[in-house]
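Peer 1: Pasting data_4.cif below, which is mmCIF, C-alpha atoms.
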data_run
loop_
_atom_site.group_PDB
_atom_site.id
_atom_site.type_symbol
_atom_site.label_atom_id
_atom_site.label_comp_id
_atom_site.auth_asym_id
_atom_site.auth_seq_id
_atom_site.Cartn_x
_atom_site.Cartn_y
_atom_site.Cartn_z
ATOM 1 C CA MET A 25 248.871 47.381 52.702
ATOM 2 C CA ALA A 26 251.718 48.730 50.577
ATOM 3 C CA SER A 27 255.038 49.728 52.000
ATOM 4 C CA ALA A 28 256.365 53.219 51.612
ATOM 5 C CA PRO A 29 259.316 53.761 49.281
ATOM 6 C CA ALA A 30 262.452 52.562 51.058
ATOM 7 C CA ALA A 31 264.090 55.977 50.740
ATOM 8 C CA LEU A 32 261.340 57.539 52.825
ATOM 9 C CA LEU A 33 262.200 55.197 55.712
ATOM 10 C CA ASP A 34 265.991 55.291 55.285
ATOM 11 C CA PRO A 35 267.464 55.943 58.782
ATOM 12 C CA VAL A 36 270.318 58.051 57.372
ATOM 13 C CA LEU A 37 267.851 60.402 55.679
ATOM 14 C CA LEU A 38 265.612 60.423 58.738
ATOM 15 C CA ALA A 39 268.588 61.511 60.846
ATOM 16 C CA ARG A 40 268.468 64.853 59.039
ATOM 17 C CA ILE A 41 265.091 65.568 60.673
ATOM 18 C CA SER A 42 265.805 66.995 64.112
ATOM 19 C CA ASP A 43 262.150 67.216 65.195
ATOM 20 C CA LEU A 44 261.041 63.761 66.357
ATOM 21 C CA ALA A 45 257.368 64.639 65.974
ATOM 22 C CA LEU A 46 257.914 65.576 62.323
ATOM 23 C CA LEU A 47 260.038 62.467 61.814
ATOM 24 C CA ALA A 48 257.389 60.205 63.320
ATOM 25 C CA ARG A 49 254.614 61.768 61.268
ATOM 26 C CA THR A 50 256.712 61.434 58.095
ATOM 27 C CA VAL A 51 257.436 57.767 58.737
ATOM 28 C CA VAL A 52 253.889 56.807 59.682
ATOM 29 C CA ASP A 53 252.238 58.784 56.895
ATOM 30 C CA GLY A 54 254.593 57.250 54.371
ATOM 31 C CA PHE A 55 254.261 53.725 55.692
ATOM 32 C CA MET A 56 250.523 53.681 56.219
ATOM 33 C CA HIS A 57 249.656 55.928 53.271
ATOM 34 C CA GLY A 58 247.232 57.849 55.426
ATOM 35 C CA GLN A 59 245.574 54.784 56.958
ATOM 36 C CA HIS A 60 245.781 55.381 60.722
ATOM 37 C CA ARG A 61 242.764 53.428 61.952
ATOM 38 C CA SER A 62 242.892 49.867 63.210
ATOM 39 C CA LEU A 63 241.123 47.245 61.140
ATOM 40 C CA ARG A 64 240.278 45.117 64.167
ATOM 41 C CA LYS A 65 236.674 44.712 65.201
ATOM 42 C CA GLY A 66 236.098 44.952 68.923
ATOM 43 C CA SER A 67 233.908 46.533 71.596
ATOM 44 C CA SER A 68 233.345 50.184 70.881
ATOM 45 C CA ALA A 69 230.538 52.698 70.681
ATOM 46 C CA ASP A 70 231.093 53.016 66.913
ATOM 47 C CA PHE A 71 228.877 50.507 65.107
ATOM 48 C CA ALA A 72 230.431 49.000 61.979
ATOM 49 C CA GLN A 73 228.182 46.318 60.483
ATOM 50 C CA HIS A 74 226.079 43.205 60.953
ATOM 51 C CA ARG A 75 227.139 39.724 59.966
ATOM 52 C CA ALA A 76 225.483 36.325 60.104
ATOM 53 C CA TYR A 77 225.696 34.504 63.433
ATOM 54 C CA GLN A 78 228.233 31.670 63.552
ATOM 55 C CA PRO A 79 228.479 28.919 66.205
ATOM 56 C CA GLY A 80 230.679 30.149 69.038
ATOM 57 C CA ASP A 81 229.746 33.836 68.668
ATOM 58 C CA ASP A 82 228.852 35.726 71.838
ATOM 59 C CA LEU A 83 225.059 35.520 72.161
ATOM 60 C CA ARG A 84 225.012 38.957 73.766
ATOM 61 C CA ARG A 85 225.966 40.441 70.393
ATOM 62 C CA ILE A 86 222.897 39.104 68.592
ATOM 63 C CA ASP A 87 220.753 41.954 67.317
ATOM 64 C CA TRP A 88 217.256 40.856 68.364
ATOM 65 C CA ARG A 89 215.568 43.679 66.504
ATOM 66 C CA VAL A 90 217.049 42.436 63.245
ATOM 67 C CA TYR A 91 215.988 38.885 64.215
ATOM 68 C CA GLY A 92 212.432 40.132 64.717
ATOM 69 C CA ARG A 93 212.383 41.574 61.201
ATOM 70 C CA THR A 94 214.233 38.823 59.348
ATOM 71 C CA ASP A 95 213.803 35.696 61.494
ATOM 72 C CA ARG A 96 217.585 35.240 61.183
ATOM 73 C CA PHE A 97 220.363 35.689 63.692
ATOM 74 C CA TYR A 98 222.838 38.495 63.067
ATOM 75 C CA VAL A 99 225.552 39.776 65.386
ATOM 76 C CA LYS A 100 226.766 43.348 65.698
ATOM 77 C CA GLU A 101 230.350 44.246 64.887
ATOM 78 C CA TYR A 102 232.018 47.454 65.994
ATOM 79 C CA GLU A 103 234.966 49.491 64.876
ATOM 80 C CA ALA A 104 237.903 48.851 67.130
ATOM 81 C CA ASP A 105 238.719 51.083 70.005
ATOM 82 C CA THR A 106 242.035 49.342 70.772
ATOM 83 C CA ASN A 107 242.649 51.433 73.877
ATOM 84 C CA ALA A 108 245.729 49.361 74.659
ATOM 85 C CA SER A 109 248.478 50.447 76.999
ATOM 86 C CA VAL A 110 251.784 50.461 75.101
ATOM 87 C CA LEU A 111 255.003 50.997 77.044
ATOM 88 C CA PHE A 112 258.173 51.554 75.025
ATOM 89 C CA ALA A 113 261.407 50.666 76.834
ATOM 90 C CA LEU A 114 264.678 51.933 75.338
ATOM 91 C CA ASP A 115 268.094 50.591 76.303
ATOM 92 C CA SER A 116 270.157 53.698 77.096
ATOM 93 C CA SER A 117 273.458 52.010 77.898
ATOM 94 C CA ALA A 118 276.664 53.166 76.203
ATOM 95 C CA SER A 119 276.831 50.237 73.770
ATOM 96 C CA MET A 120 273.751 51.679 72.044
ATOM 97 C CA ASP A 121 275.726 54.824 71.163
ATOM 98 C CA TYR A 122 277.563 53.018 68.388
ATOM 99 C CA GLY A 123 277.159 53.272 64.657
ATOM 100 C CA ARG A 124 279.466 53.439 61.647
ATOM 101 C CA ALA A 125 276.919 54.276 58.929
ATOM 102 C CA GLY A 126 275.847 57.738 60.099
ATOM 103 C CA VAL A 127 273.188 56.462 62.507
ATOM 104 C CA THR A 128 273.837 54.926 65.900
ATOM 105 C CA LYS A 129 271.764 52.112 67.339
ATOM 106 C CA TYR A 130 270.389 54.670 69.777
ATOM 107 C CA ASP A 131 269.347 56.989 66.940
ATOM 108 C CA TYR A 132 267.608 54.116 65.202
ATOM 109 C CA GLY A 133 265.892 53.072 68.418
ATOM 110 C CA ARG A 134 264.609 56.605 68.995
ATOM 111 C CA PHE A 135 263.335 56.849 65.405
ATOM 112 C CA LEU A 136 261.589 53.504 65.751
ATOM 113 C CA ILE A 137 259.940 54.282 69.087
ATOM 114 C CA ALA A 138 258.844 57.755 67.963
ATOM 115 C CA SER A 139 257.192 56.247 64.877
ATOM 116 C CA LEU A 140 255.525 53.402 66.754
ATOM 117 C CA ALA A 141 254.305 55.763 69.487
ATOM 118 C CA TRP A 142 252.816 58.092 66.870
ATOM 119 C CA LEU A 143 251.089 55.160 65.191
ATOM 120 C CA SER A 144 249.818 53.751 68.496
ATOM 121 C CA GLN A 145 248.544 57.116 69.721
ATOM 122 C CA HIS A 146 246.548 57.610 66.550
ATOM 123 C CA GLN A 147 244.963 54.191 67.034
ATOM 124 C CA GLY A 148 243.662 55.353 70.406
ATOM 125 C CA ASP A 149 246.287 53.648 72.546
ATOM 126 C CA ARG A 150 247.868 54.929 75.730
ATOM 127 C CA VAL A 151 251.600 55.357 75.127
ATOM 128 C CA GLY A 152 254.429 55.564 77.640
ATOM 129 C CA LEU A 153 258.212 55.457 77.704
ATOM 130 C CA ALA A 154 260.945 54.149 79.952
ATOM 131 C CA THR A 155 264.660 54.516 79.290
ATOM 132 C CA PHE A 156 266.966 52.301 81.307
ATOM 133 C CA ARG A 157 270.566 51.375 82.038
ATOM 134 C CA HIS A 158 271.156 49.443 85.239
ATOM 135 C CA ASP A 159 267.954 51.100 86.508
ATOM 136 C CA LEU A 160 265.184 53.219 85.031
ATOM 137 C CA VAL A 161 266.345 56.675 83.907
ATOM 138 C CA ASP A 162 263.360 58.491 82.371
ATOM 139 C CA VAL A 163 259.753 57.450 82.862
ATOM 140 C CA VAL A 164 256.649 58.669 81.021
ATOM 141 C CA PRO A 165 253.607 56.678 82.274
ATOM 142 C CA PRO A 166 251.258 55.354 79.557
ATOM 143 C CA SER A 167 248.512 57.839 78.750
ATOM 144 C CA THR A 168 246.483 59.025 75.778
ATOM 145 C CA ARG A 169 247.887 62.515 76.480
ATOM 146 C CA HIS A 170 251.580 61.721 76.730
ATOM 147 C CA LEU A 171 252.719 61.514 73.098
ATOM 148 C CA GLN A 172 254.354 64.949 73.042
ATOM 149 C CA LEU A 173 255.954 64.382 76.443
ATOM 150 C CA LEU A 174 257.223 61.004 75.215
ATOM 151 C CA LEU A 175 258.739 62.586 72.102
ATOM 152 C CA HIS A 176 260.334 65.387 74.121
ATOM 153 C CA THR A 177 261.830 62.901 76.582
ATOM 154 C CA LEU A 178 263.048 60.714 73.741
ATOM 155 C CA GLY A 179 264.634 63.700 72.025
ATOM 156 C CA ARG A 180 266.808 64.621 74.993
ATOM 157 C CA ALA A 181 267.667 61.060 76.039
ATOM 158 C CA ARG A 182 271.300 59.967 75.804
ATOM 159 C CA ALA A 183 273.070 56.602 75.811
ATOM 160 C CA THR A 184 275.819 56.358 78.392
ATOM 161 C CA GLY A 185 277.091 54.105 81.157
ATOM 162 C CA ALA A 186 276.690 50.397 81.813
ATOM 163 C CA GLY A 187 273.331 48.672 81.484
ATOM 164 C CA ARG A 188 271.552 45.665 82.977
ATOM 165 C CA LEU A 189 267.978 45.095 81.848
ATOM 166 C CA SER A 190 267.566 42.319 84.385
ATOM 167 C CA VAL A 191 267.989 44.858 87.182
ATOM 168 C CA ALA A 192 265.632 47.471 85.709
ATOM 169 C CA VAL A 193 262.848 45.127 84.665
ATOM 170 C CA ASP A 194 261.337 44.706 88.134
ATOM 171 C CA ARG A 195 260.433 48.388 88.229
ATOM 172 C CA LEU A 196 259.463 48.255 84.563
ATOM 173 C CA THR A 197 256.749 45.699 85.292
ATOM 174 C CA HIS A 198 255.000 48.137 87.626
ATOM 175 C CA LEU A 199 254.881 51.155 85.299
ATOM 176 C CA SER A 200 251.625 50.098 83.675
ATOM 177 C CA THR A 201 248.786 49.312 86.066
ATOM 178 C CA ARG A 202 246.992 47.136 83.525
ATOM 179 C CA ALA A 203 248.152 44.418 81.165
ATOM 180 C CA GLY A 204 249.245 45.805 77.828
ATOM 181 C CA ILE A 205 252.115 45.747 75.383
ATOM 182 C CA VAL A 206 255.771 46.305 76.286
ATOM 183 C CA VAL A 207 258.033 47.123 73.340
ATOM 184 C CA LEU A 208 261.685 46.668 74.307
ATOM 185 C CA VAL A 209 264.358 48.175 72.042
ATOM 186 C CA SER A 210 267.910 47.051 72.814
ATOM 187 C CA ASP A 211 271.120 45.688 71.310
ATOM 188 C CA CYS A 212 270.634 42.679 73.609
ATOM 189 C CA TYR A 213 274.177 42.523 74.946
ATOM 190 C CA GLU A 214 273.005 40.441 77.872
ATOM 191 C CA GLU A 215 272.989 36.757 78.647
ATOM 192 C CA PRO A 216 270.043 35.113 76.838
ATOM 193 C CA ASP A 217 268.746 33.692 80.117
ATOM 194 C CA ASP A 218 268.774 37.164 81.708
ATOM 195 C CA LEU A 219 266.790 38.551 78.777
ATOM 196 C CA GLY A 220 264.434 35.595 78.986
ATOM 197 C CA ARG A 221 263.828 36.073 82.699
ATOM 198 C CA ALA A 222 263.108 39.757 82.093
ATOM 199 C CA ALA A 223 260.556 38.822 79.432
ATOM 200 C CA ASP A 224 259.101 36.161 81.746
ATOM 201 C CA ALA A 225 258.598 38.759 84.486
ATOM 202 C CA LEU A 226 256.648 40.962 82.077
ATOM 203 C CA ARG A 227 254.656 38.074 80.644
ATOM 204 C CA VAL A 228 253.598 36.779 84.055
ATOM 205 C CA ARG A 229 251.964 40.162 84.724
ATOM 206 C CA GLY A 230 249.889 39.734 81.581
ATOM 207 C CA HIS A 231 251.915 41.908 79.201
ATOM 208 C CA ASP A 232 252.541 41.069 75.562
ATOM 209 C CA VAL A 233 256.228 41.648 74.859
ATOM 210 C CA ILE A 234 257.946 42.612 71.612
ATOM 211 C CA VAL A 235 261.764 42.804 71.552
ATOM 212 C CA PHE A 236 263.504 44.688 68.764
ATOM 213 C CA HIS A 237 267.135 43.553 68.713
ATOM 214 C CA LEU A 238 269.203 46.324 67.070
ATOM 215 C CA VAL A 239 272.367 45.344 65.222
ATOM 216 C CA ASP A 240 274.765 47.820 63.592
ATOM 217 C CA ALA A 241 276.190 46.942 60.181
ATOM 218 C CA ALA A 242 279.732 46.842 61.583
ATOM 219 C CA GLU A 243 278.627 44.413 64.293
ATOM 220 C CA ARG A 244 277.077 42.262 61.603
ATOM 221 C CA ASP A 245 279.910 42.405 59.037
ATOM 222 C CA PHE A 246 282.983 43.035 61.205
ATOM 223 C CA PRO A 247 284.666 45.023 58.398
ATOM 224 C CA PHE A 248 287.829 45.864 60.356
ATOM 225 C CA THR A 249 291.188 44.871 58.874
ATOM 226 C CA ALA A 250 294.003 46.788 60.563
ATOM 227 C CA ALA A 251 295.351 45.801 63.970
ATOM 228 C CA ALA A 252 293.923 48.159 66.570
ATOM 229 C CA THR A 253 292.953 48.539 70.203
ATOM 230 C CA PHE A 254 289.251 47.859 70.751
ATOM 231 C CA GLU A 255 287.487 49.349 73.792
ATOM 232 C CA ASP A 256 284.357 48.054 75.456
ATOM 233 C CA ALA A 257 281.868 50.932 75.459
ATOM 234 C CA GLU A 258 280.524 50.119 78.921
ATOM 235 C CA SER A 259 283.339 48.563 80.932
ATOM 236 C CA GLY A 260 286.172 50.561 79.358
ATOM 237 C CA VAL A 261 288.280 47.419 78.943
ATOM 238 C CA ARG A 262 290.797 47.834 76.097
ATOM 239 C CA LEU A 263 292.188 44.948 74.053
ATOM 240 C CA PRO A 264 294.793 45.038 71.251
ATOM 241 C CA LEU A 265 293.444 42.816 68.476
ATOM 242 C CA ARG A 266 294.191 41.690 64.937
ATOM 243 C CA PRO A 267 290.743 41.467 63.281
ATOM 244 C CA ASP A 268 291.794 38.971 60.617
ATOM 245 C CA ASP A 269 292.826 36.493 63.299
ATOM 246 C CA LEU A 270 289.427 36.406 64.992
ATOM 247 C CA ARG A 271 286.946 37.216 62.225
ATOM 248 C CA ASP A 272 285.569 33.673 61.849
ATOM 249 C CA ARG A 273 285.351 33.190 65.606
ATOM 250 C CA TYR A 274 283.598 36.551 65.979
ATOM 251 C CA HIS A 275 280.965 35.687 63.356
ATOM 252 C CA GLU A 276 280.341 32.288 64.924
ATOM 253 C CA GLN A 277 279.898 33.743 68.412
ATOM 254 C CA MET A 278 277.545 36.438 67.134
ATOM 255 C CA ARG A 279 275.412 33.867 65.306
ATOM 256 C CA THR A 280 275.329 31.691 68.398
ATOM 257 C CA HIS A 281 274.364 34.597 70.680
ATOM 258 C CA HIS A 282 271.615 35.888 68.403
ATOM 259 C CA ALA A 283 270.168 32.401 67.955
ATOM 260 C CA ALA A 284 270.206 31.817 71.723
ATOM 261 C CA VAL A 285 268.517 35.180 72.387
ATOM 262 C CA GLY A 286 265.795 34.475 69.830
ATOM 263 C CA LYS A 287 265.207 30.947 71.143
ATOM 264 C CA ARG A 288 265.012 32.007 74.792
ATOM 265 C CA LEU A 289 262.633 34.893 74.090
ATOM 266 C CA ALA A 290 260.433 32.691 71.911
ATOM 267 C CA ALA A 291 260.226 30.239 74.808
ATOM 268 C CA SER A 292 258.744 33.004 76.957
ATOM 269 C CA GLY A 293 256.100 33.839 74.347
ATOM 270 C CA THR A 294 257.885 37.025 73.285
ATOM 271 C CA ASP A 295 257.868 38.390 69.726
ATOM 272 C CA TYR A 296 261.534 38.726 68.757
ATOM 273 C CA VAL A 297 262.611 40.879 65.810
ATOM 274 C CA ARG A 298 266.252 41.330 64.801
ATOM 275 C CA VAL A 299 266.668 44.719 63.096
ATOM 276 C CA GLU A 300 269.759 45.894 61.231
ATOM 277 C CA THR A 301 270.198 49.635 61.539
ATOM 278 C CA ASP A 302 271.335 50.207 57.956
ATOM 279 C CA GLN A 303 267.939 48.980 56.751
ATOM 280 C CA PRO A 304 264.734 51.037 56.354
ATOM 281 C CA LEU A 305 262.262 51.030 59.219
ATOM 282 C CA ASP A 306 259.528 49.202 57.306
ATOM 283 C CA ARG A 307 260.420 45.701 58.527
ATOM 284 C CA ALA A 308 260.243 46.807 62.152
ATOM 285 C CA LEU A 309 256.937 48.585 61.550
ATOM 286 C CA HIS A 310 255.481 45.529 59.822
ATOM 287 C CA ALA A 311 256.610 43.338 62.726
ATOM 288 C CA TYR A 312 254.885 45.614 65.212
ATOM 289 C CA LEU A 313 251.623 45.653 63.263
ATOM 290 C CA ASP A 314 251.745 41.872 62.825
ATOM 291 C CA ALA A 315 252.175 41.448 66.588
ATOM 292 C CA ARG A 316 249.256 43.810 67.227
ATOM 293 C CA LEU A 317 247.077 41.890 64.774
ATOM 294 C CA ALA A 318 247.963 38.560 66.384
ATOM 295 C CA ARG A 319 247.154 40.036 69.802
ATOM 296 C CA SER A 320 243.739 41.218 68.643
ATOM 297 C CA ARG A 321 242.856 37.785 67.262
ATOM 298 C CA VAL A 322 243.264 36.086 70.611
ATOM 299 C CA ARG A 323 241.065 38.593 72.466
#
Hey, can you dump this file as structure tokens for me?

Peer 2:
Amino acid sequence: MASAPAALLDPVLLARISDLALLARTVVDGFMHGQHRSLRKGSSADFAQHRAYQPGDDLRRIDWRVYGRTDRFYVKEYEADTNASVLFALDSSASMDYGRAGVTKYDYGRFLIASLAWLSQHQGDRVGLATFRHDLVDVVPPSTRHLQLLLHTLGRARATGAGRLSVAVDRLTHLSTRAGIVVLVSDCYEEPDDLGRAADALRVRGHDVIVFHLVDAAERDFPFTAAATFEDAESGVRLPLRPDDLRDRYHEQMRTHHAAVGKRLAASGTDYVRVETDQPLDRALHAYLDARLARSRVR
């Protein structure tokens, strides 16, 4: 599967599209080149093909009529009706409303979720949305009919206030009545153990979890040089700092935090993807499709 040209998925260019539905369609059409259907074989009413029986295959799938004609065992394969329940959870705390390259982390998160929801819907999945700070803010329950409502809710959502995923996750686990996929989009400014426990709570209820960790270019590079007062977006704490005096320490602490987050989430069986918001969306889309493919293989 070829990737779309990077320019087509450039978040700065996408920010010029105010209609999230149009944005999502543009991203998905460009990325998938018109291929919207899942390649997974599963249980569906749409017959795909026969193949030779292999040891370990479900005997109930043997086509006995074909056996009667050929004296050989063949099993039926079907085109996938994924029919998964996919719940997108977007961190709406104030730290997400930061960005120095024309797109905030929150913008990028909305673009990503809109695109993934569009893709999932057109694969037959039920899609839902939850935005959260210290508690759930907006909730769109997973449904095959909720794409437009999800996009509308996403379009008017705002990032403000303090956030604690660990507090909101208990209610998050109950939004989908059946095991499915939870896609969490956040800048992960939480203790790694808190993030891990949140993922554990989702995993124990049977959900597959994918965490997209959004990082702004300025958070990655720390390009500041002049002495200035820095303010915490959520607590409001202000500190006068000289960037040159703490640059190395800052980079080391960021590397340590990101590594600890990735390690803790991996320990819970969560797919962890670090995404830099000055990069095209294709890496995040590939990561999502890879996770979906891995999920289908274990079913």

Peer 1: Please enumerate the residues selected by the PyMOL selection byres ((chain A and resi 158) around 8) when evaluated against the supplied file, formatted as a PDB file with C-alpha atoms, in the coordinates of the input.

Peer 2:
ATOM      1  CA  PHE A 156     266.966  52.301  81.307  1.00  0.00           C
ATOM      2  CA  ARG A 157     270.566  51.375  82.038  1.00  0.00           C
ATOM      3  CA  ASP A 159     267.954  51.100  86.508  1.00  0.00           C
ATOM      4  CA  LEU A 160     265.184  53.219  85.031  1.00  0.00           C
ATOM      5  CA  ALA A 186     276.690  50.397  81.813  1.00  0.00           C
ATOM      6  CA  GLY A 187     273.331  48.672  81.484  1.00  0.00           C
ATOM      7  CA  ARG A 188     271.552  45.665  82.977  1.00  0.00           C
ATOM      8  CA  LEU A 189     267.978  45.095  81.848  1.00  0.00           C
ATOM      9  CA  VAL A 191     267.989  44.858  87.182  1.00  0.00           C
ATOM     10  CA  ALA A 192     265.632  47.471  85.709  1.00  0.00           C
TER      11      ALA A 192
END

Peer 1: In Å, rounded to a single decimal, give me how far CA of Gly260 in chain A is from CA of Phe248 in chain A.

Peer 2: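 Answer for the CA of Phe248 in chain A to CA of Gly260 in chain A separation: 19.6 Å.
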
Peer 1: Counting all atoms listed in the file, what is within 9 Å of Gly179 in chain A, bar same-chain residues fewer than 3 positions away, as a PyMOL selection string?

Peer 2: chain A and resi 42-44+134+174-176+182

Peer 1: Mind checking which residues fall within 12 Å of Ile41 in chain A, counting only C-alpha atoms, ignoring those fewer than 5 positions away in the same chain, and posting them as a VMD selection string?

Peer 2: chain A and resid 32 to 36 46 to 51 131 135 179

Peer 1: Report as a list of chain:residue names the residues that result from applying the PyMOL selection byres ((chain A and resi 311) around 12) to the structure here.

Peer 2: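 Against this file, the PyMOL selection byres ((chain A and resi 311) around 12) returns the residues A:Leu136, A:Leu140, A:Val207, A:Ile234, A:Val235, A:Phe236, A:Asp295, A:Tyr296, A:Val297, A:Arg298, A:Val299, A:Leu305, A:Asp306, A:Arg307, A:Ala308, A:Leu309, A:His310, A:Tyr312, A:Leu313, A:Asp314, A:Ala315, A:Arg316, A:Leu317, A:Ala318.
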
Peer 1: Can you tell me which residues surround range 263-278 of chain A at a distance of at most 9 Å, considering all atoms listed in the file, apart from same-chain residues fewer than 5 positions away, and format the answer as JSON, numbers by chain?

Peer 2: {"A": [243, 244, 245, 246, 247, 248, 249, 250, 251, 252, 253, 254, 255, 256, 283]}

Peer 1: So, counting all atoms listed in the file, which residue among A:Thr280, A:Thr168, A:Thr94, A:Ser116 is closest to Thr155 in chain A?

Peer 2: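 Ranking A:Thr280, A:Thr168, A:Thr94, A:Ser116 by distance to Thr155 in chain A, first place goes to A:Ser116.
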
Peer 1: Given the PyMOL selection byres ((chain A and resi 232) around 10) and the file above, list the residues it selects as a PDB file with C-alpha atoms, in the coordinates of the input.

Peer 2:
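expr.pdb, freshly written:
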ATOM      1  CA  VAL A 110     251.784  50.461  75.101  1.00  0.00           C
ATOM      2  CA  ALA A 203     248.152  44.418  81.165  1.00  0.00           C
ATOM      3  CA  GLY A 204     249.245  45.805  77.828  1.00  0.00           C
ATOM      4  CA  ILE A 205     252.115  45.747  75.383  1.00  0.00           C
ATOM      5  CA  VAL A 206     255.771  46.305  76.286  1.00  0.00           C
ATOM      6  CA  VAL A 207     258.033  47.123  73.340  1.00  0.00           C
ATOM      7  CA  ALA A 223     260.556  38.822  79.432  1.00  0.00           C
ATOM      8  CA  LEU A 226     256.648  40.962  82.077  1.00  0.00           C
ATOM      9  CA  ARG A 227     254.656  38.074  80.644  1.00  0.00           C
ATOM     10  CA  VAL A 228     253.598  36.779  84.055  1.00  0.00           C
ATOM     11  CA  ARG A 229     251.964  40.162  84.724  1.00  0.00           C
ATOM     12  CA  GLY A 230     249.889  39.734  81.581  1.00  0.00           C
ATOM     13  CA  HIS A 231     251.915  41.908  79.201  1.00  0.00           C
ATOM     14  CA  VAL A 233     256.228  41.648  74.859  1.00  0.00           C
ATOM     15  CA  ILE A 234     257.946  42.612  71.612  1.00  0.00           C
ATOM     16  CA  GLY A 293     256.100  33.839  74.347  1.00  0.00           C
ATOM     17  CA  THR A 294     257.885  37.025  73.285  1.00  0.00           C
ATOM     18  CA  ASP A 295     257.868  38.390  69.726  1.00  0.00           C
ATOM     19  CA  ALA A 315     252.175  41.448  66.588  1.00  0.00           C
ATOM     20  CA  ARG A 316     249.256  43.810  67.227  1.00  0.00           C
ATOM     21  CA  ARG A 319     247.154  40.036  69.802  1.00  0.00           C
TER      22      ARG A 319
END

Peer 1: Quick check, in Å to one decimal: how far apart do CA of Gly185 in chain A and CA of Ala284 in chain A lie?

Peer 2: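 Going from CA of Gly185 in chain A over to CA of Ala284 in chain A, I get 25.2 Å.
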
Peer 1: Skipping near chain neighbours, those fewer than 6 positions away, what residues fall within 7 Å of Arg288 in chain A using only C-alpha atoms, listed as a list in words?

Peer 2: Pro216, Asp217 and Gly220 of chain A

Peer 1: Counting only C-alpha atoms, what is within 9 Å of Arg124 in chain A, bar same-chain residues fewer than 3 positions away, as a list in words?

Peer 2: Val127, Thr128, Asp240, Ala241 and Ala242 of chain A

Peer 1: Separation of CA of His198 in chain A and CA of Ala290 in chain A, in Å?

Peer 2: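 Going from CA of His198 in chain A over to CA of Ala290 in chain A, I get 22.7 Å.
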
Peer 1: Go through A:Ser139, A:Ser190, A:Thr197, A:Ser144 and flag the residue nearest Tyr213 in chain A, using all atoms listed in the file for the distances.

Peer 2: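 The shortest atom-to-atom distance to Tyr213 in chain A comes from A:Ser190.
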
Peer 1: Please, which residues are within 9 Å of (267.7, 45.9, 74.2) by the file's coordinates, counting only C-alpha atoms, and could they come as a PyMOL selection string?

Peer 2: chain A and resi 113-116+120+189+208-214+219+235-238
